[in-house]
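Following: one structure in structure tokens, then a few remarks.
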Amino acid sequence: GSMSVRASVASAVLSGPTMRFGPTMLLASAFVRPVSAFVSLRSPAAALAPATRWGSMSVRAMSTEGGGEGEEEAPTGEFTELSRLEIRTGKVLEVSKHPSLPKIFVEKIDVGEDEPRTICSGLVGLVEESELLGANCVVLCNLKPRDMEGVPSIGMLLAASSADDSEVKLLLAPGGCAPGELVTFEGHTAEPMEPGNRAVKAFKNVMGKLGGFVTDAEGVARFNGEELPAPFMTSMGPCTSAIKSGSVS
């Protein structure tokens, strides 16, 4: 459409004829090297597991603390590129500045695993540290991990940008939503892939030719595809942002 895609982290660019980027650029999935195989989580049980295993970090069971009712059954529908993405709710536990990259925040984020993930985001100067700390955030979990000058980045923190890029705000999970819940999209099955090139390709396709992510006039985050448009849904309701009618990345 007429809205360009802006990523919420900075200093590297995903190239491709179908994508444009504003002043903030994607870190986590650029410069991806080939991998030999991919594992697709094809069963509803796998799709509803709290989170993917990363190295020695085993996943923990999903809780319903804070009044949540747990995750709903896996959505039925078509298997699409969006189905391949692993987008989960999280909670930002720690925030610091990168020791050598001045525009990068380093966050520790609980996404339902035994240990928090480290994620690097190019949000310095765009989002206040106080806004990040403790936020019930939304994380794209199955991008390939990257080394950011000695600091690992394992995922991508999603944020919304205003149409003119003058304002950036986090995408937020609803209150009472436990960290690690899989975000689902009506009309799309939930079958997230293991991290790797194919998952990155799915993300590029979703953000490019398939329409990307936006917030609507109410601030609800949505997949903006011509076919099967749908909100970011959790068991406690949709994910939202203070940015209305913006782009999400």
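Chain labels run A, B, ... following the order of the structure tokens; each chain numbers its residues from 1, and ligands are numbered from 1 in the order shown.
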
### Message
For range 87-101 of chain A, find every residue with an atom within 7 Å (counting only C-alpha atoms), except residues of its own chain fewer than 3 positions away, and show them as a list of chain:residue names.
### Response
A:Ile104, A:Phe105, A:Val106, A:Glu107, A:Lys108, A:Ile109, A:Asp110, A:Val111, A:Glu129, A:Leu132, A:Leu133, A:Gly134, A:Ala135, A:Asn136, A:Cys137, A:Val138, A:Val139, A:Leu140, A:Cys141, A:Ala173, A:Pro179, A:Gly180, A:Glu181, A:Leu182, A:Val183

### Message
Please return, as a PyMOL selection string, all residues of range 106-237 of chain A that DSSP assigns to strand (DSSP E or B) on the basis of the backbone.
### Response
chain A and resi 106-110+113+117-121+136-140+146-148+151-153+156-157+159-161+168-170+172+182+184+187-188+193+213-215+220-223+230-231+233-234+237

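When CA of Met193 in chain A is paired with CA of Ala242 in chain A, their separation reads 29.8 Å.
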
Using only C-alpha atoms, what table do you get, as JSON lines, when you list each residue of range 108-192 of chain A with an atom no more than 7 Å from range 230-241 of chain A, its nearest pair of atoms, and their distance in Å rounded to one decimal, rows by chain then rising number?
{"residue": "A:Ala160", "atom": "CA", "partner": "A:Ser241", "partner_atom": "CA", "distance": 6.7}
{"residue": "A:Lys169", "atom": "CA", "partner": "A:Ser241", "partner_atom": "CA", "distance": 6.5}
{"residue": "A:Leu170", "atom": "CA", "partner": "A:Ser241", "partner_atom": "CA", "distance": 6.2}
{"residue": "A:Leu171", "atom": "CA", "partner": "A:Ser241", "partner_atom": "CA", "distance": 4.9}
{"residue": "A:Leu172", "atom": "CA", "partner": "A:Thr240", "partner_atom": "CA", "distance": 5.4}
{"residue": "A:Ala173", "atom": "CA", "partner": "A:Cys239", "partner_atom": "CA", "distance": 4.7}
{"residue": "A:Pro174", "atom": "CA", "partner": "A:Cys239", "partner_atom": "CA", "distance": 6.0}
{"residue": "A:Gly176", "atom": "CA", "partner": "A:Met236", "partner_atom": "CA", "distance": 6.9}
{"residue": "A:Cys177", "atom": "CA", "partner": "A:Met236", "partner_atom": "CA", "distance": 6.0}
{"residue": "A:Val183", "atom": "CA", "partner": "A:Thr234", "partner_atom": "CA", "distance": 5.4}
{"residue": "A:Thr184", "atom": "CA", "partner": "A:Met233", "partner_atom": "CA", "distance": 5.2}
{"residue": "A:Phe185", "atom": "CA", "partner": "A:Ala230", "partner_atom": "CA", "distance": 5.5}
{"residue": "A:Glu186", "atom": "CA", "partner": "A:Ala230", "partner_atom": "CA", "distance": 5.7}

Selection file, N, CA and C atoms, as a PDB file, in the first residue's frame:
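Contents of out-v2.pdb, freshly written:
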ATOM      1  N   ALA A 160       5.327   0.158  16.982  1.00  0.00           N
ATOM      2  CA  ALA A 160       4.552   0.875  15.966  1.00  0.00           C
ATOM      3  C   ALA A 160       5.162   2.247  15.743  1.00  0.00           C
ATOM      4  N   LYS A 169       6.196   3.781  19.449  1.00  0.00           N
ATOM      5  CA  LYS A 169       5.710   3.216  20.706  1.00  0.00           C
ATOM      6  C   LYS A 169       5.694   1.693  20.582  1.00  0.00           C
ATOM      7  N   LEU A 170       5.929   1.032  21.707  1.00  0.00           N
ATOM      8  CA  LEU A 170       5.900  -0.423  21.702  1.00  0.00           C
ATOM      9  C   LEU A 170       4.526  -0.963  21.358  1.00  0.00           C
ATOM     10  N   LEU A 171       4.516  -2.143  20.759  1.00  0.00           N
ATOM     11  CA  LEU A 171       3.309  -2.935  20.663  1.00  0.00           C
ATOM     12  C   LEU A 171       3.142  -3.630  21.999  1.00  0.00           C
ATOM     13  N   LEU A 172       1.947  -3.600  22.572  1.00  0.00           N
ATOM     14  CA  LEU A 172       1.722  -4.110  23.922  1.00  0.00           C
ATOM     15  C   LEU A 172       0.707  -5.240  23.927  1.00  0.00           C
ATOM     16  N   ALA A 173       1.006  -6.262  24.733  1.00  0.00           N
ATOM     17  CA  ALA A 173       0.040  -7.323  24.981  1.00  0.00           C
ATOM     18  C   ALA A 173      -0.976  -6.832  26.011  1.00  0.00           C
ATOM     19  N   PRO A 174      -2.199  -7.377  25.989  1.00  0.00           N
ATOM     20  CA  PRO A 174      -3.190  -6.928  26.970  1.00  0.00           C
ATOM     21  C   PRO A 174      -2.817  -7.338  28.391  1.00  0.00           C
ATOM     22  N   GLY A 176      -2.841  -8.996  31.964  1.00  0.00           N
ATOM     23  CA  GLY A 176      -3.244 -10.341  32.362  1.00  0.00           C
ATOM     24  C   GLY A 176      -2.783 -11.430  31.432  1.00  0.00           C
ATOM     25  N   CYS A 177      -2.112 -11.055  30.360  1.00  0.00           N
ATOM     26  CA  CYS A 177      -1.616 -12.037  29.391  1.00  0.00           C
ATOM     27  C   CYS A 177      -0.235 -12.521  29.844  1.00  0.00           C
ATOM     28  N   VAL A 183       0.810 -15.411  19.878  1.00  0.00           N
ATOM     29  CA  VAL A 183      -0.154 -14.515  19.235  1.00  0.00           C
ATOM     30  C   VAL A 183      -0.676 -15.207  17.980  1.00  0.00           C
ATOM     31  N   THR A 184      -1.987 -15.178  17.796  1.00  0.00           N
ATOM     32  CA  THR A 184      -2.609 -15.858  16.660  1.00  0.00           C
ATOM     33  C   THR A 184      -3.372 -14.872  15.795  1.00  0.00           C
ATOM     34  N   PHE A 185      -3.733 -15.337  14.583  1.00  0.00           N
ATOM     35  CA  PHE A 185      -4.404 -14.500  13.594  1.00  0.00           C
ATOM     36  C   PHE A 185      -5.573 -15.281  13.006  1.00  0.00           C
ATOM     37  N   GLU A 186      -6.763 -14.741  13.128  1.00  0.00           N
ATOM     38  CA  GLU A 186      -7.950 -15.421  12.629  1.00  0.00           C
ATOM     39  C   GLU A 186      -7.824 -15.686  11.131  1.00  0.00           C
TER      40      GLU A 186
END

### Summary
If you count only C-alpha atoms, the residue of A:Asp147, A:Glu191, A:Leu82, A:Thr118 closest to Gly212 in chain A turns out to be A:Leu82

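Among the candidate residues A:Lys244, A:Arg146, A:Arg198, A:Lys103, the one lying nearest to Val214 in chain A is A:Lys244, with distances computed using only C-alpha atoms.
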
### Query
When DSSP works through the backbone of this structure, what residues of range 96-247 of chain A end up as helix (DSSP H, G or I), shown as a PyMOL selection string?
chain A and resi 129-132+197-207

### Message
So, with only C-alpha atoms as the atoms that count, which of A:Gly187, A:Gly219, A:Gly112, A:Gly246 lies closest to Glu78 in chain A?
### Response
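Distance minimum relative to Glu78 in chain A lands on A:Gly187.
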